[in-house]
>>> print(open('target_8.tsv').read())   # TSV, C-alpha atoms
chain	number	residue	atom	x	y	z
A	1	MET	CA	0.10	1.43	8.96
A	2	VAL	CA	-1.42	3.67	6.34
A	3	GLN	CA	0.03	7.14	6.36
A	4	PHE	CA	-1.50	9.48	3.82
A	5	ASN	CA	0.69	12.49	4.55
A	6	LEU	CA	4.35	12.73	3.76
A	7	PRO	CA	6.71	12.60	6.76
A	8	GLU	CA	8.19	15.90	7.96
A	9	ASN	CA	11.51	15.49	6.14
A	10	SER	CA	9.75	14.73	2.84
A	11	LYS	CA	7.51	17.78	2.61
A	12	ILE	CA	8.15	19.44	-0.72
A	13	LEU	CA	9.35	23.06	-0.81
A	14	LYS	CA	9.36	25.54	-3.64
A	15	GLY	CA	12.70	25.42	-5.43
A	16	GLU	CA	14.65	27.49	-7.88
A	17	TYR	CA	13.22	29.05	-11.02
A	18	HIS	CA	15.48	28.75	-14.05
A	19	LYS	CA	14.49	31.36	-16.59
A	20	ASP	CA	15.00	30.68	-20.27
A	21	LYS	CA	18.13	32.31	-21.65
A	22	THR	CA	17.71	31.49	-25.33
A	23	ASN	CA	14.86	33.97	-25.95
A	24	SER	CA	12.85	31.17	-27.48
A	25	LYS	CA	9.18	31.72	-28.26
A	26	ASN	CA	8.24	28.09	-27.76
A	27	ILE	CA	8.75	27.49	-24.07
A	28	LYS	CA	7.56	24.70	-21.81
A	29	LYS	CA	7.68	24.92	-18.03
A	30	VAL	CA	9.06	21.75	-16.53
A	31	ASN	CA	8.68	21.11	-12.78
A	32	VAL	CA	11.17	18.57	-11.49
A	33	TYR	CA	11.43	17.00	-8.03
A	34	ARG	CA	14.88	17.59	-6.56
A	35	TRP	CA	16.55	16.30	-3.44
A	36	ASN	CA	20.21	16.58	-2.66
A	37	PRO	CA	21.44	14.12	-0.01
A	38	SER	CA	24.39	16.32	0.96
A	39	ASP	CA	22.75	19.67	1.78
A	40	GLY	CA	20.43	18.45	4.54
A	41	LYS	CA	17.39	20.30	3.18
A	42	ASN	CA	13.90	19.09	2.32
A	43	PRO	CA	13.07	18.07	-1.24
A	44	ARG	CA	12.02	20.88	-3.58
A	45	ILE	CA	10.40	21.44	-6.95
A	46	ASP	CA	12.63	23.25	-9.42
A	47	THR	CA	11.04	24.88	-12.44
A	48	PHE	CA	12.90	25.00	-15.73
A	49	GLU	CA	11.90	26.95	-18.80
A	50	VAL	CA	12.87	24.74	-21.71
A	51	ASP	CA	13.22	25.86	-25.31
A	52	MET	CA	11.05	23.35	-27.17
A	53	ASP	CA	12.21	24.41	-30.66
A	54	ASN	CA	15.49	22.67	-30.04
A	55	CYS	CA	14.42	19.62	-28.10
A	56	GLY	CA	13.69	16.00	-28.97
A	57	PRO	CA	10.18	14.57	-28.71
A	58	LYS	CA	10.51	12.50	-25.52
A	59	VAL	CA	10.45	13.48	-21.86
A	60	LEU	CA	13.93	11.99	-21.53
A	61	ASP	CA	15.12	14.46	-24.18
A	62	ILE	CA	13.86	17.30	-21.98
A	63	LEU	CA	15.71	15.91	-18.97
A	64	PHE	CA	18.90	15.63	-21.00
A	65	LYS	CA	18.47	19.15	-22.31
A	66	ILE	CA	18.11	20.45	-18.76
A	67	LYS	CA	21.12	18.46	-17.61
A	68	ASN	CA	23.28	19.53	-20.55
A	69	GLU	CA	22.29	23.16	-20.85
A	70	ILE	CA	20.72	24.41	-17.61
A	71	ASP	CA	21.57	22.42	-14.51
A	72	PRO	CA	24.19	19.64	-14.74
A	73	SER	CA	23.44	18.48	-11.19
A	74	LEU	CA	20.05	17.03	-12.20
A	75	THR	CA	20.19	13.30	-11.48
A	76	PHE	CA	18.16	10.53	-13.07
A	77	ARG	CA	18.63	6.95	-14.19
A	78	ARG	CA	18.62	5.98	-17.82
A	79	SER	CA	20.32	3.50	-20.04
A	80	CYS	CA	18.91	2.27	-23.33
A	81	ALA	CA	16.62	5.24	-24.16
A	82	HIS	CA	14.11	3.18	-26.11
A	83	GLY	CA	11.96	1.39	-23.58
A	84	VAL	CA	13.88	-1.84	-23.18
A	85	CYS	CA	15.88	-1.49	-19.97
A	86	GLY	CA	13.36	0.12	-17.63
A	87	SER	CA	15.89	2.39	-15.92
A	88	CYS	CA	14.19	5.71	-16.59
A	89	ALA	CA	10.87	4.87	-14.92
A	90	MET	CA	9.44	7.93	-13.20
A	91	ASN	CA	6.18	9.70	-12.47
A	92	ILE	CA	5.35	11.96	-15.40
A	93	ASP	CA	2.18	14.05	-15.39
A	94	GLY	CA	0.74	11.97	-12.56
A	95	VAL	CA	1.27	8.51	-14.03
A	96	ASN	CA	4.28	6.24	-13.82
A	97	THR	CA	5.92	5.53	-17.14
A	98	LEU	CA	9.26	5.35	-18.91
A	99	SER	CA	10.50	8.83	-19.75
A	100	CYS	CA	12.24	7.50	-22.86
A	101	ILE	CA	9.04	6.42	-24.60
A	102	LYS	CA	6.70	9.09	-23.22
A	103	SER	CA	6.15	11.88	-25.69
A	104	HIS	CA	5.92	15.33	-24.10
A	105	THR	CA	3.73	16.58	-26.93
A	106	ASP	CA	0.87	14.60	-25.33
A	107	ILE	CA	1.08	16.74	-22.24
A	108	LYS	CA	-0.55	20.14	-22.29
A	109	GLY	CA	0.57	22.90	-19.97
A	110	GLU	CA	3.30	22.44	-17.41
A	111	LEU	CA	5.14	19.17	-17.20
A	112	ASN	CA	5.51	17.64	-13.72
A	113	ILE	CA	8.21	15.06	-13.15
A	114	TYR	CA	8.55	13.16	-9.88
A	115	PRO	CA	10.44	10.02	-8.89
A	116	LEU	CA	8.47	6.76	-8.64
A	117	PRO	CA	5.97	7.18	-5.78
A	118	HIS	CA	6.44	6.02	-2.19
A	119	LEU	CA	10.10	5.08	-2.42
A	120	LYS	CA	13.05	6.30	-0.40
A	121	VAL	CA	14.72	8.89	-2.60
A	122	ILE	CA	18.44	8.47	-3.18
A	123	LYS	CA	18.85	11.64	-5.21
A	124	ASP	CA	16.52	13.75	-7.37
A	125	LEU	CA	14.56	11.31	-9.55
A	126	ILE	CA	16.21	8.15	-8.28
A	127	GLY	CA	14.23	5.98	-5.88
A	128	ASP	CA	15.51	3.03	-3.90
A	129	LEU	CA	14.15	-0.22	-5.37
A	130	SER	CA	16.14	-2.67	-3.23
A	131	GLY	CA	12.97	-3.78	-1.41
A	132	LEU	CA	11.37	-4.73	-4.68
A	133	TYR	CA	14.43	-6.67	-5.80
A	134	LYS	CA	14.44	-8.61	-2.52
A	135	GLN	CA	10.80	-9.53	-3.07
A	136	TYR	CA	11.62	-10.56	-6.62
A	137	GLU	CA	14.31	-12.86	-5.24
A	138	SER	CA	11.83	-14.30	-2.76
A	139	ILE	CA	9.67	-15.82	-5.52
A	140	GLN	CA	12.75	-17.61	-6.91
A	141	PRO	CA	12.49	-16.43	-10.50
A	142	TRP	CA	14.40	-19.27	-12.08
A	143	LEU	CA	13.52	-22.64	-13.55
A	144	LYS	CA	13.20	-25.36	-10.95
A	145	THR	CA	13.16	-28.84	-12.39
A	146	LYS	CA	13.68	-32.41	-11.23
A	147	GLN	CA	16.26	-32.92	-13.93
A	148	THR	CA	19.75	-33.06	-12.59
A	149	GLY	CA	21.61	-32.38	-15.80
A	150	GLU	CA	22.70	-36.01	-16.10
A	151	GLU	CA	19.86	-36.68	-18.54
A	152	LYS	CA	21.53	-34.63	-21.26
A	153	GLN	CA	18.09	-33.78	-22.57
A	154	GLU	CA	16.57	-30.42	-23.28
A	155	LEU	CA	13.27	-29.41	-21.72
A	156	LEU	CA	10.75	-29.34	-24.52
A	157	GLN	CA	7.74	-27.06	-24.65
A	158	THR	CA	4.82	-27.07	-27.06
A	159	PRO	CA	4.04	-23.83	-28.93
A	160	GLN	CA	0.75	-23.71	-26.99
A	161	ASP	CA	2.53	-23.89	-23.64
A	162	ARG	CA	5.03	-21.33	-24.80
A	163	ALA	CA	2.19	-19.02	-25.78
A	164	LYS	CA	1.02	-19.05	-22.15
A	165	LEU	CA	4.08	-16.99	-21.26
A	166	ASP	CA	3.23	-14.22	-23.70
A	167	GLY	CA	2.33	-11.04	-21.92
A	168	HIS	CA	4.42	-12.03	-18.90
A	169	TYR	CA	7.97	-12.64	-20.01
A	170	GLU	CA	8.12	-9.18	-21.63
A	171	CYS	CA	8.20	-7.47	-18.23
A	172	ILE	CA	11.34	-5.36	-17.82
A	173	LEU	CA	10.95	-4.82	-14.06
A	174	CYS	CA	10.87	-1.04	-14.33
A	175	ALA	CA	8.65	-0.96	-11.21
A	176	CYS	CA	6.14	1.45	-12.77
A	177	CYS	CA	3.27	-0.85	-11.77
A	178	SER	CA	4.34	-1.70	-8.24
A	179	THR	CA	4.97	1.92	-7.31
A	180	SER	CA	1.62	2.98	-8.78
A	181	CYS	CA	-0.31	0.59	-6.53
A	182	PRO	CA	-1.87	2.12	-3.38
A	183	SER	CA	-1.84	-1.30	-1.69
A	184	TYR	CA	1.87	-1.49	-2.34
A	185	TRP	CA	2.34	2.01	-0.91
A	186	TRP	CA	0.69	1.05	2.39
A	187	ASN	CA	1.95	-2.53	2.66
A	188	GLY	CA	5.06	-2.55	0.50
A	189	ASP	CA	7.03	-4.48	3.10
A	190	LYS	CA	4.67	-7.47	2.98
A	191	TYR	CA	2.55	-7.28	-0.16
A	192	LEU	CA	4.59	-8.46	-3.14
A	193	GLY	CA	3.15	-5.93	-5.58
A	194	PRO	CA	2.08	-6.29	-9.23
A	195	ALA	CA	5.55	-6.55	-10.80
A	196	VAL	CA	6.69	-9.44	-8.60
A	197	LEU	CA	3.31	-11.20	-8.75
A	198	LEU	CA	3.33	-10.98	-12.55
A	199	GLN	CA	6.68	-12.75	-12.47
A	200	ALA	CA	5.40	-15.27	-9.92
A	201	TYR	CA	2.58	-16.04	-12.35
A	202	ARG	CA	5.05	-16.38	-15.21
A	203	TRP	CA	6.93	-19.12	-13.33
A	204	ILE	CA	3.78	-20.83	-12.03
A	205	ASN	CA	2.59	-20.98	-15.62
A	206	ASP	CA	5.78	-22.34	-17.17
A	207	SER	CA	5.17	-25.90	-18.37
A	208	ARG	CA	8.86	-26.77	-17.91
A	209	ASP	CA	8.81	-25.92	-14.22
A	210	ASP	CA	8.25	-28.79	-11.78
A	211	GLU	CA	7.39	-26.80	-8.66
A	212	ARG	CA	4.12	-25.22	-9.68
A	213	LYS	CA	2.34	-26.42	-6.54
A	214	GLU	CA	5.05	-25.20	-4.17
A	215	ARG	CA	5.17	-21.86	-5.92
A	216	LEU	CA	1.40	-21.44	-5.64
A	217	LYS	CA	1.47	-22.43	-1.97
A	218	LYS	CA	4.20	-19.94	-1.25
A	219	VAL	CA	2.40	-17.01	-2.83
A	220	ALA	CA	-1.01	-17.87	-1.28
A	221	ASP	CA	-0.87	-15.45	1.61
A	222	GLU	CA	-3.24	-12.86	3.01
A	223	LEU	CA	-0.59	-10.18	2.74
A	224	LYS	CA	1.63	-11.33	-0.12
A	225	LEU	CA	-1.17	-11.80	-2.65
A	226	TYR	CA	-4.61	-10.81	-1.38
A	227	ARG	CA	-3.74	-7.18	-0.71
A	228	CYS	CA	-4.56	-6.73	-4.39
A	229	HIS	CA	-7.99	-5.12	-4.56
A	230	THR	CA	-8.08	-4.78	-8.35
A	231	ILE	CA	-7.47	-1.04	-8.28
A	232	MET	CA	-5.91	-1.48	-11.76
A	233	ASN	CA	-3.39	1.35	-11.41
A	234	CYS	CA	-0.75	-1.22	-12.39
A	235	THR	CA	-2.27	-2.06	-15.76
A	236	ASN	CA	-3.00	1.59	-16.39
A	237	SER	CA	0.64	2.54	-15.91
A	238	CYS	CA	2.53	-0.37	-17.54
A	239	PRO	CA	4.67	1.16	-20.30
A	240	LYS	CA	4.97	-2.21	-22.02
A	241	GLY	CA	1.20	-2.69	-22.18
A	242	LEU	CA	1.19	-5.76	-19.95
A	243	ASN	CA	-1.60	-6.65	-17.55
A	244	PRO	CA	-0.37	-7.38	-13.99
A	245	ALA	CA	-3.92	-7.10	-12.61
A	246	LYS	CA	-5.00	-9.98	-14.82
A	247	ALA	CA	-1.99	-12.06	-13.78
A	248	ILE	CA	-2.81	-11.52	-10.09
A	249	GLY	CA	-6.46	-12.35	-10.81
A	250	SER	CA	-5.33	-15.55	-12.52
A	251	ILE	CA	-3.26	-16.59	-9.51
A	252	LYS	CA	-6.25	-15.97	-7.23
A	253	LYS	CA	-8.43	-18.01	-9.58
A	254	MET	CA	-5.90	-20.87	-9.66
A	255	LEU	CA	-5.87	-20.94	-5.87
A	256	ALA	CA	-9.66	-20.91	-5.69
A	257	THR	CA	-10.22	-23.62	-8.30
A	258	GLY	CA	-7.22	-25.81	-7.47
B	1	MET	CA	21.81	7.43	6.22
B	2	TYR	CA	18.60	5.69	5.21
B	3	GLU	CA	16.47	7.44	7.84
B	4	LYS	CA	17.12	10.89	6.46
B	5	ASN	CA	16.19	10.00	2.90
B	6	PRO	CA	12.80	11.49	2.08
B	7	LEU	CA	9.83	9.47	0.88
B	8	SER	CA	8.82	10.34	-2.65
B	9	PRO	CA	5.30	11.81	-2.94
B	10	HIS	CA	2.56	9.30	-3.69
B	11	LEU	CA	-1.15	10.02	-3.12
B	12	GLN	CA	-0.43	13.74	-3.44
B	13	ILE	CA	0.75	13.54	-7.03
B	14	TYR	CA	-0.63	10.34	-8.54
B	15	GLY	CA	-3.17	10.92	-11.29
B	16	TRP	CA	-6.65	9.54	-10.68
B	17	GLN	CA	-8.05	7.03	-13.11
B	18	ILE	CA	-11.61	5.75	-13.43
B	19	SER	CA	-10.47	2.41	-12.01
B	20	SER	CA	-8.81	3.82	-8.90
B	21	LEU	CA	-11.61	6.31	-8.31
B	22	LEU	CA	-14.22	3.53	-8.45
B	23	SER	CA	-12.12	1.37	-6.15
B	24	ILE	CA	-11.88	3.96	-3.38
B	25	THR	CA	-15.55	4.92	-3.83
B	26	HIS	CA	-16.46	1.24	-3.49
B	27	ARG	CA	-14.68	1.13	-0.12
B	28	ILE	CA	-16.18	4.32	1.26
B	29	VAL	CA	-19.66	3.39	0.08
B	30	GLY	CA	-19.22	-0.06	1.63
B	31	VAL	CA	-18.59	1.48	5.05
B	32	ILE	CA	-21.56	3.84	4.64
B	33	ASN	CA	-23.80	0.92	3.67
B	34	ALA	CA	-22.75	-1.15	6.67
B	35	VAL	CA	-23.58	1.75	9.00
B	36	ALA	CA	-26.86	2.39	7.16
B	37	ILE	CA	-27.99	-1.23	7.40
B	38	THR	CA	-27.26	-1.23	11.12
B	39	LEU	CA	-29.32	1.93	11.56
B	40	ILE	CA	-32.18	0.49	9.54
B	41	CYS	CA	-32.14	-2.57	11.81
B	42	PHE	CA	-32.41	-0.31	14.86
B	43	PHE	CA	-35.25	1.50	13.13
B	44	VAL	CA	-37.13	-1.77	12.64
B	45	ILE	CA	-36.47	-2.88	16.23
B	46	SER	CA	-37.73	0.46	17.56
B	47	LEU	CA	-41.10	-0.26	15.93
B	48	PHE	CA	-41.66	-2.95	18.56
B	49	PHE	CA	-41.66	-0.30	21.24
B	50	GLY	CA	-44.57	1.78	20.17
B	51	GLU	CA	-46.11	4.04	17.62
B	52	GLU	CA	-44.36	7.22	18.81
B	53	ASN	CA	-41.06	5.84	17.50
B	54	PHE	CA	-42.61	5.33	14.11
B	55	GLN	CA	-44.04	8.83	14.04
B	56	PHE	CA	-40.73	10.29	15.12
B	57	LEU	CA	-38.73	8.49	12.42
B	58	LYS	CA	-41.38	9.28	9.84
B	59	SER	CA	-41.08	12.97	10.56
B	60	ILE	CA	-37.31	12.80	10.18
B	61	LEU	CA	-37.42	10.88	6.92
B	62	GLN	CA	-40.05	13.13	5.40
B	63	SER	CA	-37.98	16.24	5.95
B	64	PHE	CA	-35.70	17.49	3.19
B	65	VAL	CA	-32.59	16.03	4.83
B	66	GLY	CA	-34.38	12.73	5.30
B	67	LYS	CA	-35.36	12.57	1.66
B	68	PHE	CA	-31.83	13.40	0.61
B	69	LEU	CA	-30.55	10.62	2.85
B	70	ILE	CA	-32.96	8.13	1.30
B	71	VAL	CA	-31.92	9.00	-2.25
B	72	ALA	CA	-28.25	8.98	-1.28
B	73	LEU	CA	-28.62	5.53	0.27
B	74	CYS	CA	-30.46	4.28	-2.84
B	75	TRP	CA	-27.43	5.38	-4.79
B	76	SER	CA	-24.83	3.96	-2.43
B	77	PHE	CA	-26.57	0.56	-2.38
B	78	SER	CA	-26.93	0.57	-6.19
B	79	PHE	CA	-23.33	1.55	-6.72
B	80	HIS	CA	-22.02	-1.05	-4.33
B	81	ALA	CA	-24.14	-3.79	-5.85
B	82	LEU	CA	-23.16	-2.97	-9.43
B	83	ASN	CA	-19.47	-2.59	-8.67
B	84	GLU	CA	-19.56	-5.84	-6.72
B	85	ILE	CA	-20.90	-7.55	-9.85
B	86	ARG	CA	-17.91	-6.09	-11.66
B	87	HIS	CA	-15.60	-7.56	-9.03
B	88	LEU	CA	-17.38	-10.90	-9.34
B	89	ILE	CA	-16.76	-10.95	-13.09
B	90	TRP	CA	-13.09	-10.20	-12.42
B	91	ASP	CA	-12.96	-13.08	-9.94
B	92	PHE	CA	-14.22	-15.37	-12.70
B	93	GLY	CA	-11.21	-14.21	-14.71
B	94	TYR	CA	-12.85	-11.89	-17.23
B	95	GLY	CA	-12.85	-8.18	-17.95
B	96	TYR	CA	-9.29	-7.31	-16.97
B	97	ASP	CA	-8.47	-5.63	-20.29
B	98	LEU	CA	-7.89	-1.93	-19.91
B	99	LYS	CA	-10.62	-1.10	-22.37
B	100	THR	CA	-13.16	-3.54	-20.96
B	101	SER	CA	-12.56	-2.48	-17.37
B	102	ARG	CA	-12.96	1.15	-18.36
B	103	ILE	CA	-16.25	0.42	-20.13
B	104	THR	CA	-17.60	-1.63	-17.20
B	105	GLY	CA	-16.52	1.18	-14.90
B	106	VAL	CA	-18.48	3.78	-16.84
B	107	ILE	CA	-21.47	1.43	-17.01
B	108	THR	CA	-21.27	1.07	-13.22
B	109	ILE	CA	-21.29	4.83	-12.68
B	110	ILE	CA	-24.17	5.53	-15.08
B	111	GLY	CA	-26.02	2.38	-14.00
B	112	SER	CA	-25.80	3.28	-10.33
B	113	PHE	CA	-27.60	6.58	-10.92
B	114	VAL	CA	-30.23	4.97	-13.14
B	115	LEU	CA	-30.81	2.20	-10.60
B	116	ALA	CA	-30.92	4.64	-7.67
B	117	ILE	CA	-33.52	6.85	-9.34
B	118	SER	CA	-35.64	3.88	-10.40
B	119	ILE	CA	-35.54	2.36	-6.91
B	120	TYR	CA	-36.61	5.69	-5.45
B	121	LEU	CA	-39.41	6.18	-7.97
B	122	ILE	CA	-40.70	2.61	-7.67
B	123	GLY	CA	-40.60	2.89	-3.89
B	124	LYS	CA	-42.39	6.21	-3.93
B	125	ASN	CA	-45.13	5.30	-6.35
B	126	TYR	CA	-45.90	1.64	-5.78
B	127	ILE	CA	-45.10	0.80	-2.18
>>> encode(input="target_8.tsv", output="structure tokens")
Amino acid sequence: MVQFNLPENSKILKGEYHKDKTNSKNIKKVNVYRWNPSDGKNPRIDTFEVDMDNCGPKVLDILFKIKNEIDPSLTFRRSCAHGVCGSCAMNIDGVNTLSCIKSHTDIKGELNIYPLPHLKVIKDLIGDLSGLYKQYESIQPWLKTKQTGEEKQELLQTPQDRAKLDGHYECILCACCSTSCPSYWWNGDKYLGPAVLLQAYRWINDSRDDERKERLKKVADELKLYRCHTIMNCTNSCPKGLNPAKAIGSIKKMLATG
Amino acid sequence: MYEKNPLSPHLQIYGWQISSLLSITHRIVGVINAVAITLICFFVISLFFGEENFQFLKSILQSFVGKFLIVALCWSFSFHALNEIRHLIWDFGYGYDLKTSRITGVITIIGSFVLAISIYLIGKNYI
């Protein structure tokens, strides 16, 4: 059921204000969503004054600066720090993106940082993505072929067939798209969401795969696929510049044309 | 443990884009149109039951509120029709690029106003 308001325990309170101690003239106010699982309180927005004269260009640099110099309890995921792993996906200035490739110089005024939308928060900026991973598993994202391995023969693919996977295999599963999708917010338990459907399309489209028909049949479902109403928030938010909306549209077209 | 974890904010904080704004408008306008068509049907049926009904409805529609309603409905029908064409093109597999969808979105918005005004003017002057 669609619930537009946040539940009682998720209402956001005003948090602490951390004043700048470096007497810097170039200050940016950074509002960060905080929730501590051990104090039993509601989530809050903490405001940090960050000295921009001594800070790197990316939003992740700001988060590190806060963690290193102001509040070490700030919690967020990150790993590679250059847009390859997808760990640091979060909602920055209203749009989901990777904090490690998002430049804060693009953002005028105060900087608002939230976890990915409509997820159960584990701590601060970390959302629980286990539901998404389960859905990813459900589309069986591995090659399924009639070969048994006895043939001792590699599966060949023409350059043209290989090119069909471009724009799909690059997905790093950061979940920016899925958690930007209103349909996924309201029906996240049943609707697969853009990230998983993009991957479904990638496997349907792989010339080496022998279960194209079964895969298509499995995904052809009122709730799993057709909850996509081409809102395009997914494509707008993808930090890798991919187009999940187009992939979902292509699956729908395949199902309609046979 | 899982029950007490809060839900991260969604609608409250997510930035609006042309695409999402058009999508929700399309839905709302669709509901309005369905109600409007039903009412127009009742209007036509009521004509079978005498002239007074016609006079009554005429007086409503010629008032300021009535005129506003007519123009608003011209717009809501135009918008829905144009955006539906956009959806149709998507269903054929075209126009998913970010840039293209943004351009078609803007065309839909501008076009809906142009179409609404022209429908109103044509209706007023020639029918």
>>> interface_residues(input="target_8.tsv", of="chain B", to="chain A", cutoff="6 Å", atoms="all atoms listed in the file", output="PyMOL selection string")
chain B and resi 5-10+13-15+19-20+23+96
>>> atom_distance(input="target_8.tsv", atom1="atom CA of Cys100 of chain A", atom2="atom CA of Val59 of chain A")
6.3 Å
>>> atom_distance(input="target_8.tsv", atom1="atom CA of Cys238 of chain A", atom2="atom CA of Cys177 of chain A")
5.8 Å
>>> residues_around(input="target_8.tsv", residues="Gly30 of chain B", least_positions_apart="3", cutoff="12 Å", atoms="only C-alpha atoms", output="list in words")
Leu22, Ser23, Ile24, Thr25, His26, Arg27, Asn33, Ala34, Val35, Ala36, Ile37, Leu73, Trp75, Ser76, Phe77, Ser78, Phe79, His80, Ala81, Asn83 and Glu84 of chain B
>>> closest_residue(input="target_8.tsv", among="B:Phe54, B:Trp90, B:Tyr120, B:Phe113", to="Val71 of chain B", atoms="all atoms listed in the file")
B:Tyr120
>>> residues_near_point(input="target_8.tsv", point="(2.1, -3.4, -7.7)", cutoff="6 Å", atoms="only C-alpha atoms", output="NGL selection string")
:A and (177-178 or 181 or 184 or 193-195 or 234)
>>> residues_around(input="target_8.tsv", residues="Ser99 of chain A", least_positions_apart="4", cutoff="8 Å", atoms="all atoms listed in the file", output="ChimeraX atom specification")
/A:58-60,88-90,92,103
>>> write_last_selection(input="target_8.tsv", atoms="C-alpha atoms", output="PDB file, in the frame of the given file")
ATOM      1  CA  LYS A  58      10.510  12.500 -25.520  1.00  0.00           C
ATOM      2  CA  VAL A  59      10.450  13.480 -21.860  1.00  0.00           C
ATOM      3  CA  LEU A  60      13.930  11.990 -21.530  1.00  0.00           C
ATOM      4  CA  CYS A  88      14.190   5.710 -16.590  1.00  0.00           C
ATOM      5  CA  ALA A  89      10.870   4.870 -14.920  1.00  0.00           C
ATOM      6  CA  MET A  90       9.440   7.930 -13.200  1.00  0.00           C
ATOM      7  CA  ILE A  92       5.350  11.960 -15.400  1.00  0.00           C
ATOM      8  CA  SER A 103       6.150  11.880 -25.690  1.00  0.00           C
TER       9      SER A 103
END
>>> atom_distance(input="target_8.tsv", atom1="atom CA of Leu57 of chain B", atom2="atom CA of Val114 of chain B")
27.2 Å
>>> closest_residue(input="target_8.tsv", among="A:Val32, A:Met52, A:Leu98, A:Leu192", to="Asp71 of chain A", atoms="only C-alpha atoms")
A:Val32
>>> residues_around(input="target_8.tsv", residues="Ser207 of chain A", least_positions_apart="5", cutoff="12 Å", atoms="all atoms listed in the file", output="number ranges by chain")
A: 143-145, 155-165, 201-202, 212
>>> closest_residue(input="target_8.tsv", among="A:Gly258, A:Gly131, A:Pro239, A:Glu49", to="Lys213 of chain A", atoms="only C-alpha atoms")
A:Gly258
